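J.: Below is the file structure06.cif, with mmCIF, N, CA and C atoms and all ligand atoms.
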```cif
data_model
#
loop_
_atom_site.label_atom_id
_atom_site.label_comp_id
_atom_site.auth_asym_id
_atom_site.auth_seq_id
_atom_site.Cartn_x
_atom_site.Cartn_y
_atom_site.Cartn_z
N MET J 1 31.50 29.47 26.05
CA MET J 1 30.24 28.73 26.26
C MET J 1 29.23 29.03 25.15
N LYS J 2 29.13 30.32 24.85
CA LYS J 2 28.20 30.74 23.82
C LYS J 2 28.54 30.07 22.47
N VAL J 3 29.85 30.03 22.20
CA VAL J 3 30.30 29.46 20.93
C VAL J 3 29.84 28.01 20.81
N ILE J 4 30.02 27.27 21.89
CA ILE J 4 29.63 25.86 21.88
C ILE J 4 28.13 25.73 21.58
N LYS J 5 27.36 26.61 22.20
CA LYS J 5 25.92 26.59 21.98
C LYS J 5 25.59 26.77 20.50
N TYR J 6 26.24 27.75 19.89
CA TYR J 6 25.99 28.01 18.47
C TYR J 6 26.39 26.82 17.62
N LEU J 7 27.53 26.25 17.99
CA LEU J 7 28.00 25.08 17.25
C LEU J 7 26.96 23.96 17.32
N LEU J 8 26.47 23.78 18.52
CA LEU J 8 25.47 22.71 18.73
C LEU J 8 24.24 22.95 17.89
N ILE J 9 23.72 24.17 17.98
CA ILE J 9 22.51 24.50 17.21
C ILE J 9 22.79 24.33 15.72
N GLY J 10 23.98 24.78 15.32
CA GLY J 10 24.37 24.67 13.91
C GLY J 10 24.36 23.24 13.44
N SER J 11 24.94 22.35 14.22
CA SER J 11 25.02 20.96 13.76
C SER J 11 23.66 20.29 13.80
N LEU J 12 22.84 20.66 14.76
CA LEU J 12 21.47 20.12 14.78
C LEU J 12 20.73 20.52 13.52
N PHE J 13 20.91 21.76 13.14
CA PHE J 13 20.27 22.29 11.94
C PHE J 13 20.71 21.48 10.71
N LEU J 14 22.01 21.22 10.66
CA LEU J 14 22.55 20.44 9.54
C LEU J 14 21.91 19.06 9.46
N VAL J 15 21.86 18.40 10.60
CA VAL J 15 21.27 17.06 10.65
C VAL J 15 19.82 17.12 10.18
N ALA J 16 19.09 18.11 10.67
CA ALA J 16 17.68 18.23 10.32
C ALA J 16 17.50 18.42 8.81
N THR J 17 18.30 19.29 8.21
CA THR J 17 18.12 19.52 6.78
C THR J 17 18.54 18.29 5.99
N ALA J 18 19.59 17.61 6.44
CA ALA J 18 20.03 16.41 5.74
C ALA J 18 18.91 15.37 5.71
N CYS J 19 18.19 15.24 6.81
CA CYS J 19 17.13 14.24 6.87
C CYS J 19 15.93 14.62 6.02
N SER J 20 15.51 15.88 6.12
CA SER J 20 14.29 16.26 5.41
C SER J 20 14.52 16.26 3.90
N ASN J 21 15.76 16.36 3.53
CA ASN J 21 16.11 16.41 2.13
C ASN J 21 16.10 15.02 1.49
N GLY J 22 15.98 13.99 2.36
CA GLY J 22 16.41 12.68 1.91
C GLY J 22 15.35 11.70 1.44
N ALA J 23 14.32 12.11 0.72
CA ALA J 23 13.43 11.11 0.13
C ALA J 23 14.19 10.46 -1.03
N THR J 24 14.64 9.25 -0.85
CA THR J 24 15.42 8.59 -1.89
C THR J 24 14.50 8.18 -3.03
N GLU J 25 15.11 7.85 -4.16
CA GLU J 25 14.32 7.42 -5.30
C GLU J 25 13.47 6.20 -4.95
N GLU J 26 14.07 5.34 -4.15
CA GLU J 26 13.36 4.11 -3.77
C GLU J 26 12.09 4.45 -3.00
N GLN J 27 12.21 5.40 -2.06
CA GLN J 27 11.03 5.78 -1.27
C GLN J 27 9.95 6.37 -2.18
N ILE J 28 10.39 7.16 -3.17
CA ILE J 28 9.40 7.76 -4.07
C ILE J 28 8.70 6.67 -4.88
N GLU J 29 9.47 5.68 -5.34
CA GLU J 29 8.86 4.58 -6.08
C GLU J 29 7.85 3.83 -5.24
N VAL J 30 8.22 3.56 -3.98
CA VAL J 30 7.31 2.86 -3.09
C VAL J 30 6.04 3.68 -2.92
N ALA J 31 6.20 4.98 -2.74
CA ALA J 31 5.04 5.85 -2.54
C ALA J 31 4.15 5.83 -3.79
N ASP J 32 4.76 5.82 -4.97
CA ASP J 32 3.99 5.76 -6.21
C ASP J 32 3.21 4.46 -6.33
N ALA J 33 3.88 3.35 -6.02
CA ALA J 33 3.23 2.04 -6.11
C ALA J 33 2.05 1.98 -5.15
N GLU J 34 2.24 2.53 -3.98
CA GLU J 34 1.18 2.55 -2.98
C GLU J 34 -0.01 3.36 -3.49
N LYS J 35 0.27 4.49 -4.11
CA LYS J 35 -0.78 5.34 -4.63
C LYS J 35 -1.55 4.64 -5.74
N THR J 36 -0.82 4.00 -6.66
CA THR J 36 -1.47 3.28 -7.76
C THR J 36 -2.36 2.19 -7.20
N ALA J 37 -1.84 1.42 -6.26
CA ALA J 37 -2.61 0.31 -5.70
C ALA J 37 -3.86 0.84 -5.00
N MET J 38 -3.71 1.94 -4.29
CA MET J 38 -4.87 2.49 -3.59
C MET J 38 -5.93 2.96 -4.58
N GLN J 39 -5.48 3.54 -5.70
CA GLN J 39 -6.43 3.98 -6.70
C GLN J 39 -7.16 2.80 -7.33
N LEU J 40 -6.39 1.74 -7.63
CA LEU J 40 -7.01 0.53 -8.18
C LEU J 40 -8.03 -0.02 -7.21
N TYR J 41 -7.65 -0.02 -5.95
CA TYR J 41 -8.55 -0.53 -4.91
C TYR J 41 -9.83 0.30 -4.87
N GLN J 42 -9.67 1.62 -4.87
CA GLN J 42 -10.84 2.49 -4.79
C GLN J 42 -11.78 2.28 -5.98
N ASN J 43 -11.20 2.12 -7.17
CA ASN J 43 -12.03 1.98 -8.35
C ASN J 43 -12.68 0.62 -8.48
N ASN J 44 -12.04 -0.42 -7.95
CA ASN J 44 -12.53 -1.78 -8.24
C ASN J 44 -13.01 -2.57 -7.04
N CYS J 45 -12.52 -2.28 -5.87
CA CYS J 45 -12.71 -3.19 -4.75
C CYS J 45 -13.45 -2.56 -3.57
N MET J 46 -13.38 -1.25 -3.48
CA MET J 46 -13.85 -0.57 -2.28
C MET J 46 -15.33 -0.79 -2.02
N SER J 47 -16.12 -0.88 -3.11
CA SER J 47 -17.57 -1.01 -2.92
C SER J 47 -17.91 -2.26 -2.12
N CYS J 48 -17.10 -3.29 -2.22
CA CYS J 48 -17.39 -4.52 -1.48
C CYS J 48 -16.50 -4.72 -0.25
N HIS J 49 -15.31 -4.12 -0.27
CA HIS J 49 -14.39 -4.39 0.85
C HIS J 49 -14.21 -3.19 1.78
N GLY J 50 -14.99 -2.12 1.53
CA GLY J 50 -14.98 -0.98 2.46
C GLY J 50 -13.89 0.02 2.16
N ASN J 51 -14.14 1.28 2.49
CA ASN J 51 -13.16 2.31 2.13
C ASN J 51 -11.92 2.26 3.02
N ASP J 52 -11.95 1.57 4.12
CA ASP J 52 -10.74 1.41 4.93
C ASP J 52 -10.36 -0.07 5.06
N LEU J 53 -10.76 -0.87 4.07
CA LEU J 53 -10.46 -2.31 4.03
C LEU J 53 -11.16 -3.08 5.14
N SER J 54 -12.16 -2.47 5.77
CA SER J 54 -12.76 -3.14 6.92
C SER J 54 -13.87 -4.11 6.51
N GLY J 55 -14.18 -4.13 5.21
CA GLY J 55 -15.14 -5.11 4.73
C GLY J 55 -16.57 -4.59 4.67
N ARG J 56 -17.33 -5.06 3.69
CA ARG J 56 -18.77 -4.76 3.58
C ARG J 56 -19.45 -6.06 3.14
N VAL J 57 -19.72 -6.17 1.81
CA VAL J 57 -20.24 -7.44 1.30
C VAL J 57 -19.13 -8.50 1.38
N GLY J 58 -17.93 -8.07 1.07
CA GLY J 58 -16.77 -8.97 1.13
C GLY J 58 -16.09 -8.85 2.49
N PRO J 59 -15.23 -9.79 2.80
CA PRO J 59 -14.54 -9.78 4.09
C PRO J 59 -13.57 -8.61 4.21
N GLY J 60 -13.26 -8.23 5.44
CA GLY J 60 -12.26 -7.20 5.69
C GLY J 60 -10.89 -7.66 5.22
N LEU J 61 -10.09 -6.73 4.74
CA LEU J 61 -8.79 -7.10 4.19
C LEU J 61 -7.64 -6.46 4.98
N GLN J 62 -7.97 -5.93 6.14
CA GLN J 62 -6.95 -5.20 6.88
C GLN J 62 -5.76 -6.05 7.30
N GLN J 63 -6.00 -7.35 7.45
CA GLN J 63 -4.89 -8.22 7.86
C GLN J 63 -4.70 -9.37 6.90
N VAL J 64 -5.17 -9.15 5.68
CA VAL J 64 -5.17 -10.25 4.72
C VAL J 64 -3.75 -10.74 4.42
N GLY J 65 -2.77 -9.85 4.58
CA GLY J 65 -1.38 -10.22 4.33
C GLY J 65 -0.84 -11.26 5.30
N SER J 66 -1.42 -11.35 6.48
CA SER J 66 -0.94 -12.38 7.40
C SER J 66 -1.69 -13.70 7.19
N LYS J 67 -2.67 -13.66 6.29
CA LYS J 67 -3.49 -14.84 6.04
C LYS J 67 -3.14 -15.49 4.71
N MET J 68 -2.72 -14.66 3.76
CA MET J 68 -2.50 -15.16 2.40
C MET J 68 -1.18 -14.67 1.83
N THR J 69 -0.61 -15.47 0.95
CA THR J 69 0.61 -15.05 0.27
C THR J 69 0.24 -14.14 -0.90
N GLU J 70 1.25 -13.48 -1.42
CA GLU J 70 1.03 -12.61 -2.58
C GLU J 70 0.49 -13.43 -3.75
N GLU J 71 0.99 -14.66 -3.91
CA GLU J 71 0.54 -15.53 -5.02
C GLU J 71 -0.94 -15.86 -4.89
N LYS J 72 -1.35 -16.17 -3.66
CA LYS J 72 -2.75 -16.50 -3.41
C LYS J 72 -3.63 -15.29 -3.70
N LEU J 73 -3.15 -14.11 -3.32
CA LEU J 73 -3.91 -12.89 -3.57
C LEU J 73 -4.07 -12.65 -5.07
N ILE J 74 -2.98 -12.88 -5.81
CA ILE J 74 -3.05 -12.73 -7.27
C ILE J 74 -4.12 -13.66 -7.81
N GLU J 75 -4.12 -14.89 -7.32
CA GLU J 75 -5.07 -15.88 -7.79
C GLU J 75 -6.52 -15.44 -7.54
N ILE J 76 -6.78 -15.01 -6.31
CA ILE J 76 -8.16 -14.61 -5.97
C ILE J 76 -8.60 -13.41 -6.81
N ILE J 77 -7.71 -12.43 -6.94
CA ILE J 77 -8.09 -11.24 -7.71
C ILE J 77 -8.31 -11.61 -9.18
N THR J 78 -7.49 -12.52 -9.69
CA THR J 78 -7.59 -12.89 -11.10
C THR J 78 -8.87 -13.68 -11.39
N VAL J 79 -9.10 -14.74 -10.61
CA VAL J 79 -10.23 -15.62 -10.96
C VAL J 79 -11.47 -15.37 -10.11
N GLY J 80 -11.33 -14.60 -9.02
CA GLY J 80 -12.48 -14.35 -8.17
C GLY J 80 -12.71 -15.47 -7.17
N SER J 81 -13.81 -15.35 -6.45
CA SER J 81 -14.12 -16.33 -5.40
C SER J 81 -15.63 -16.27 -5.20
N ASN J 82 -16.18 -17.01 -4.29
CA ASN J 82 -17.64 -16.98 -4.09
C ASN J 82 -18.12 -15.56 -3.89
N GLY J 83 -18.93 -15.06 -4.79
CA GLY J 83 -19.49 -13.72 -4.62
C GLY J 83 -18.53 -12.62 -5.01
N MET J 84 -17.35 -12.98 -5.40
CA MET J 84 -16.40 -11.96 -5.86
C MET J 84 -16.03 -12.19 -7.32
N PRO J 85 -16.17 -11.13 -8.12
CA PRO J 85 -15.84 -11.30 -9.54
C PRO J 85 -14.34 -11.44 -9.75
N GLY J 86 -13.94 -12.12 -10.81
CA GLY J 86 -12.53 -12.17 -11.18
C GLY J 86 -12.17 -10.94 -12.00
N TYR J 87 -10.91 -10.55 -11.94
CA TYR J 87 -10.52 -9.32 -12.62
C TYR J 87 -9.63 -9.54 -13.84
N GLU J 88 -9.62 -10.80 -14.28
CA GLU J 88 -8.82 -11.21 -15.42
C GLU J 88 -9.00 -10.28 -16.63
N ASN J 89 -10.24 -9.92 -16.91
CA ASN J 89 -10.51 -9.11 -18.10
C ASN J 89 -10.70 -7.64 -17.79
N VAL J 90 -10.49 -7.28 -16.54
CA VAL J 90 -10.72 -5.89 -16.14
C VAL J 90 -9.39 -5.17 -15.89
N LEU J 91 -8.51 -5.86 -15.20
CA LEU J 91 -7.22 -5.26 -14.86
C LEU J 91 -6.10 -5.98 -15.60
N SER J 92 -5.00 -5.28 -15.80
CA SER J 92 -3.84 -5.91 -16.43
C SER J 92 -3.11 -6.77 -15.38
N ILE J 93 -2.24 -7.64 -15.87
CA ILE J 93 -1.46 -8.48 -14.96
C ILE J 93 -0.63 -7.61 -14.01
N GLU J 94 -0.10 -6.51 -14.56
CA GLU J 94 0.69 -5.61 -13.72
C GLU J 94 -0.16 -5.02 -12.60
N GLU J 95 -1.37 -4.60 -12.96
CA GLU J 95 -2.25 -3.98 -11.97
C GLU J 95 -2.64 -4.98 -10.88
N ILE J 96 -2.94 -6.20 -11.30
CA ILE J 96 -3.30 -7.22 -10.32
C ILE J 96 -2.10 -7.48 -9.40
N GLY J 97 -0.91 -7.50 -10.00
CA GLY J 97 0.31 -7.70 -9.20
C GLY J 97 0.52 -6.58 -8.19
N GLN J 98 0.26 -5.35 -8.61
CA GLN J 98 0.43 -4.22 -7.70
C GLN J 98 -0.55 -4.30 -6.53
N LEU J 99 -1.79 -4.65 -6.85
CA LEU J 99 -2.80 -4.79 -5.80
C LEU J 99 -2.42 -5.90 -4.83
N ALA J 100 -1.97 -7.03 -5.39
CA ALA J 100 -1.63 -8.18 -4.54
C ALA J 100 -0.46 -7.84 -3.63
N LYS J 101 0.53 -7.15 -4.16
CA LYS J 101 1.69 -6.79 -3.36
C LYS J 101 1.26 -5.86 -2.22
N TRP J 102 0.44 -4.90 -2.57
CA TRP J 102 -0.03 -3.91 -1.59
C TRP J 102 -0.83 -4.62 -0.49
N LEU J 103 -1.73 -5.51 -0.90
CA LEU J 103 -2.54 -6.23 0.10
C LEU J 103 -1.69 -7.17 0.94
N SER J 104 -0.66 -7.75 0.32
CA SER J 104 0.17 -8.70 1.07
C SER J 104 0.92 -7.99 2.20
N GLU J 105 0.99 -6.67 2.13
CA GLU J 105 1.66 -5.92 3.20
C GLU J 105 0.68 -5.49 4.28
N LYS J 106 -0.59 -5.83 4.10
CA LYS J 106 -1.58 -5.48 5.12
C LYS J 106 -1.60 -6.55 6.21
N LYS J 107 -0.81 -6.31 7.23
CA LYS J 107 -0.85 -7.22 8.37
C LYS J 107 -0.51 -6.45 9.62
N GLU J 108 -0.83 -7.03 10.75
CA GLU J 108 -0.54 -6.32 11.99
C GLU J 108 0.46 -7.10 12.82
C1 LIG J 201 -18.94 -7.59 -5.81
C2 LIG J 201 -18.21 -7.49 -4.56
C3 LIG J 201 -16.71 -7.62 -4.57
C4 LIG J 201 -15.78 -6.88 -5.28
C5 LIG J 201 -16.05 -5.76 -6.26
C6 LIG J 201 -14.49 -7.36 -4.87
N1 LIG J 201 -14.61 -8.36 -3.95
FE1 LIG J 201 -13.09 -9.34 -3.02
N2 LIG J 201 -14.45 -10.57 -2.13
C7 LIG J 201 -15.83 -10.45 -2.21
C8 LIG J 201 -16.43 -11.54 -1.47
C9 LIG J 201 -17.93 -11.76 -1.30
C10 LIG J 201 -15.38 -12.33 -0.95
C11 LIG J 201 -15.48 -13.62 -0.12
C12 LIG J 201 -15.32 -14.77 -1.08
C13 LIG J 201 -15.26 -16.12 -0.41
O1 LIG J 201 -15.67 -16.21 0.74
O2 LIG J 201 -14.80 -17.07 -1.05
C14 LIG J 201 -14.14 -11.68 -1.36
C15 LIG J 201 -12.87 -12.12 -1.03
C16 LIG J 201 -11.71 -11.45 -1.31
C17 LIG J 201 -10.40 -11.82 -0.83
C18 LIG J 201 -10.12 -13.00 0.10
C19 LIG J 201 -10.23 -12.50 1.49
C20 LIG J 201 -10.34 -13.55 2.55
O3 LIG J 201 -10.05 -13.20 3.71
O4 LIG J 201 -10.72 -14.68 2.25
C21 LIG J 201 -9.53 -10.93 -1.32
C22 LIG J 201 -8.02 -10.90 -1.08
C23 LIG J 201 -10.26 -9.99 -2.12
N3 LIG J 201 -11.60 -10.32 -2.09
C24 LIG J 201 -9.71 -8.92 -2.79
C25 LIG J 201 -10.41 -8.11 -3.66
C26 LIG J 201 -9.80 -7.11 -4.50
C27 LIG J 201 -8.32 -6.78 -4.51
C28 LIG J 201 -10.79 -6.55 -5.24
C29 LIG J 201 -10.66 -5.51 -6.32
C30 LIG J 201 -9.79 -5.81 -7.41
C31 LIG J 201 -12.04 -7.18 -4.84
N4 LIG J 201 -11.76 -8.12 -3.89
C32 LIG J 201 -13.28 -6.86 -5.34
C33 LIG J 201 -16.51 -9.48 -2.89
C34 LIG J 201 -15.96 -8.55 -3.74
#
```
If you convert what's in this file into structure tokens, what do you get?

T.:
Amino acid sequence: MKVIKYLLIGSLFLVATACSNGATEEQIEVADAEKTAMQLYQNNCMSCHGNDLSGRVGPGLQQVGSKMTEEKLIEIITVGSNGMPGYENVLSIEEIGQLAKWLSEKKE
């Protein structure tokens, strides 16, 4: 009986280490993209859209992904909108793309 117990604990331990070890390259890339987008947001957008995307001068963006496509988001960020500046000359196309992708995932 004791042996079985040890075996069980042993295999649980193995499973646990296998899982904690497993941040795949893809997950790391996703985490990096998220971090970059958040930094871009903080530097360029937060003053108007709030530090938790809940909105201030500009509308809240917490669910903007269920309202707009990634393409539409790129368009708004690039050319701006009423009361919102365009970022054509401020951010690179890649940066605008990263922000748009990140925002397009904001939905509930
Ligand atoms: C000077 C303030 C200001 C800044 C800075 C700003 N925005 Fe805005 N944003 C606004 C306003 C105001 C609107 C509403 C425009 C309208 O009603 O047409 C808006 C609208 C939007 C929308 C459309 C939301 C909706 O529900 O219609 C998105 C998406 C957006 N902003 C993203 C961004 C991103 C991303 C940044 C940073 C790169 C940013 N904004 C920076 C003021 C700002």

J.: Counting all atoms listed in the file, which residues in chain J sit no more than 6.5 Å from ligand LIG 201 (chain J)? For each one, give the nearest pair of atoms and the distance in Å, sorted by chain then residue number, as JSON lines.

T.:
```
{"residue": "J:Leu40", "atom": "C", "partner": "J:LIG201", "partner_atom": "C30", "distance": 6.1}
{"residue": "J:Tyr41", "atom": "CA", "partner": "J:LIG201", "partner_atom": "C29", "distance": 5.6}
{"residue": "J:Asn44", "atom": "C", "partner": "J:LIG201", "partner_atom": "C29", "distance": 3.8}
{"residue": "J:Cys45", "atom": "CA", "partner": "J:LIG201", "partner_atom": "C29", "distance": 3.5}
{"residue": "J:Met46", "atom": "N", "partner": "J:LIG201", "partner_atom": "C29", "distance": 5.8}
{"residue": "J:Ser47", "atom": "C", "partner": "J:LIG201", "partner_atom": "C5", "distance": 5.7}
{"residue": "J:Cys48", "atom": "CA", "partner": "J:LIG201", "partner_atom": "C2", "distance": 4.4}
{"residue": "J:His49", "atom": "N", "partner": "J:LIG201", "partner_atom": "N1", "distance": 5.7}
{"residue": "J:Val57", "atom": "C", "partner": "J:LIG201", "partner_atom": "C9", "distance": 4.4}
{"residue": "J:Gly58", "atom": "CA", "partner": "J:LIG201", "partner_atom": "C8", "distance": 3.7}
{"residue": "J:Pro59", "atom": "N", "partner": "J:LIG201", "partner_atom": "C10", "distance": 4.5}
{"residue": "J:Gly60", "atom": "C", "partner": "J:LIG201", "partner_atom": "O3", "distance": 5.8}
{"residue": "J:Leu61", "atom": "CA", "partner": "J:LIG201", "partner_atom": "C19", "distance": 6.2}
{"residue": "J:Val64", "atom": "CA", "partner": "J:LIG201", "partner_atom": "O3", "distance": 5.8}
{"residue": "J:Leu73", "atom": "CA", "partner": "J:LIG201", "partner_atom": "C22", "distance": 5.2}
{"residue": "J:Ile76", "atom": "C", "partner": "J:LIG201", "partner_atom": "C23", "distance": 6.0}
{"residue": "J:Ile77", "atom": "CA", "partner": "J:LIG201", "partner_atom": "C27", "distance": 5.5}
{"residue": "J:Ser81", "atom": "C", "partner": "J:LIG201", "partner_atom": "O2", "distance": 4.3}
{"residue": "J:Asn82", "atom": "N", "partner": "J:LIG201", "partner_atom": "O2", "distance": 3.5}
{"residue": "J:Gly83", "atom": "C", "partner": "J:LIG201", "partner_atom": "C9", "distance": 3.9}
{"residue": "J:Met84", "atom": "CA", "partner": "J:LIG201", "partner_atom": "C33", "distance": 3.9}
{"residue": "J:Pro85", "atom": "N", "partner": "J:LIG201", "partner_atom": "C3", "distance": 5.0}
{"residue": "J:Tyr87", "atom": "CA", "partner": "J:LIG201", "partner_atom": "C30", "distance": 6.3}
{"residue": "J:Leu99", "atom": "C", "partner": "J:LIG201", "partner_atom": "C27", "distance": 6.0}
{"residue": "J:Ala100", "atom": "N", "partner": "J:LIG201", "partner_atom": "C27", "distance": 6.4}
```

J.: Kindly indicate which residue among J:Ile74, J:Val90, J:Ile28, J:Ala23 lies nearest to J:Asn43, using only C-alpha atoms for the distances.

T.: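 Closest candidate: J:Val90.
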
J.: Could you jot down the atom C of J:Ile96 to atom C of J:Gln27 separation for me, Å, one decimal place?

T.: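 A separation of 19.7 Å between them.
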
J.: What does the distance from atom CA of J:Ile93 to atom CA of J:Gln39 come to in Å, to one decimal?

T.: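 Answer for the atom CA of J:Ile93 to atom CA of J:Gln39 separation: 15.8 Å.
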
J.: Between atom N of J:Val79 and atom CA of J:Leu91, measure the distance and give it in Å to one decimal.

T.: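 Atom-to-atom, atom N of J:Val79 and atom CA of J:Leu91 are spaced 10.6 Å apart.
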
J.: Determine the nearest neighbour of J:Ser66 from the options J:Thr36, J:Ser104, J:Ser92, J:Gln42, counting all atoms listed in the file.

T.: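 Among J:Thr36, J:Ser104, J:Ser92, J:Gln42, it is J:Ser104 that comes nearest to J:Ser66.
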
J.: Going by DSSP on the backbone, which residues of chain J come out as helix (DSSP H, G or I)? List them as JSON, numbers by chain.

T.: {"J": [2, 3, 4, 5, 6, 7, 8, 9, 10, 11, 12, 13, 14, 15, 16, 17, 18, 19, 20, 25, 26, 27, 28, 29, 30, 31, 32, 33, 34, 35, 36, 37, 38, 39, 40, 41, 42, 43, 44, 46, 47, 48, 49, 64, 65, 66, 70, 71, 72, 73, 74, 75, 76, 77, 78, 79, 93, 94, 95, 96, 97, 98, 99, 100, 101, 102, 103, 104]}

J.: Can you put all heavy atoms back into stretch 98-106 of chain J and show it as a compact mmCIF listing (two decimals), in the frame of the given file?

T.:
```txt
# COMPACT_ATOMS: atom_id res chain seq x y z
N GLN J 98 0.26 -5.35 -8.61
CA GLN J 98 0.43 -4.22 -7.70
C GLN J 98 -0.55 -4.30 -6.53
O GLN J 98 -0.19 -4.06 -5.38
CB GLN J 98 0.21 -2.90 -8.45
CG GLN J 98 1.43 -2.46 -9.23
CD GLN J 98 1.11 -1.33 -10.19
OE1 GLN J 98 0.01 -1.26 -10.76
NE2 GLN J 98 2.07 -0.45 -10.39
N LEU J 99 -1.79 -4.65 -6.85
CA LEU J 99 -2.80 -4.79 -5.80
C LEU J 99 -2.42 -5.90 -4.83
O LEU J 99 -2.52 -5.75 -3.61
CB LEU J 99 -4.15 -5.14 -6.43
CG LEU J 99 -5.09 -3.98 -6.74
CD1 LEU J 99 -6.28 -4.48 -7.53
CD2 LEU J 99 -5.54 -3.29 -5.47
N ALA J 100 -1.97 -7.03 -5.39
CA ALA J 100 -1.63 -8.18 -4.54
C ALA J 100 -0.46 -7.84 -3.63
O ALA J 100 -0.45 -8.18 -2.44
CB ALA J 100 -1.30 -9.39 -5.41
N LYS J 101 0.53 -7.15 -4.16
CA LYS J 101 1.69 -6.79 -3.36
C LYS J 101 1.26 -5.86 -2.22
O LYS J 101 1.63 -6.03 -1.07
CB LYS J 101 2.74 -6.11 -4.25
CG LYS J 101 3.99 -5.74 -3.50
CD LYS J 101 5.10 -5.38 -4.47
CE LYS J 101 6.45 -5.20 -3.82
NZ LYS J 101 6.48 -4.86 -2.45
N TRP J 102 0.44 -4.90 -2.57
CA TRP J 102 -0.03 -3.91 -1.59
C TRP J 102 -0.83 -4.62 -0.49
O TRP J 102 -0.60 -4.40 0.70
CB TRP J 102 -0.89 -2.88 -2.33
CG TRP J 102 -1.50 -1.82 -1.51
CD1 TRP J 102 -0.83 -0.81 -0.84
CD2 TRP J 102 -2.89 -1.60 -1.26
NE1 TRP J 102 -1.73 0.00 -0.21
CE2 TRP J 102 -3.00 -0.45 -0.45
CE3 TRP J 102 -4.06 -2.26 -1.67
CZ2 TRP J 102 -4.22 0.06 -0.03
CZ3 TRP J 102 -5.27 -1.75 -1.24
CH2 TRP J 102 -5.36 -0.62 -0.44
N LEU J 103 -1.73 -5.51 -0.90
CA LEU J 103 -2.54 -6.23 0.10
C LEU J 103 -1.69 -7.17 0.94
O LEU J 103 -1.95 -7.35 2.13
CB LEU J 103 -3.66 -7.01 -0.60
CG LEU J 103 -4.83 -6.17 -1.12
CD1 LEU J 103 -5.79 -7.03 -1.92
CD2 LEU J 103 -5.57 -5.48 0.02
N SER J 104 -0.66 -7.75 0.32
CA SER J 104 0.17 -8.70 1.07
C SER J 104 0.92 -7.99 2.20
O SER J 104 1.40 -8.62 3.13
CB SER J 104 1.17 -9.41 0.15
OG SER J 104 2.20 -8.51 -0.22
N GLU J 105 0.99 -6.67 2.13
CA GLU J 105 1.66 -5.92 3.20
C GLU J 105 0.68 -5.49 4.28
O GLU J 105 1.07 -4.84 5.25
CB GLU J 105 2.36 -4.69 2.60
CG GLU J 105 3.63 -5.08 1.85
CD GLU J 105 4.04 -4.07 0.78
OE1 GLU J 105 3.44 -2.99 0.71
OE2 GLU J 105 4.97 -4.39 0.02
N LYS J 106 -0.59 -5.83 4.10
CA LYS J 106 -1.58 -5.48 5.12
C LYS J 106 -1.60 -6.55 6.21
O LYS J 106 -2.23 -7.58 6.08
CB LYS J 106 -2.98 -5.36 4.49
CG LYS J 106 -3.09 -4.38 3.37
CD LYS J 106 -3.06 -2.96 3.88
CE LYS J 106 -2.79 -1.98 2.75
NZ LYS J 106 -2.06 -0.79 3.17
```
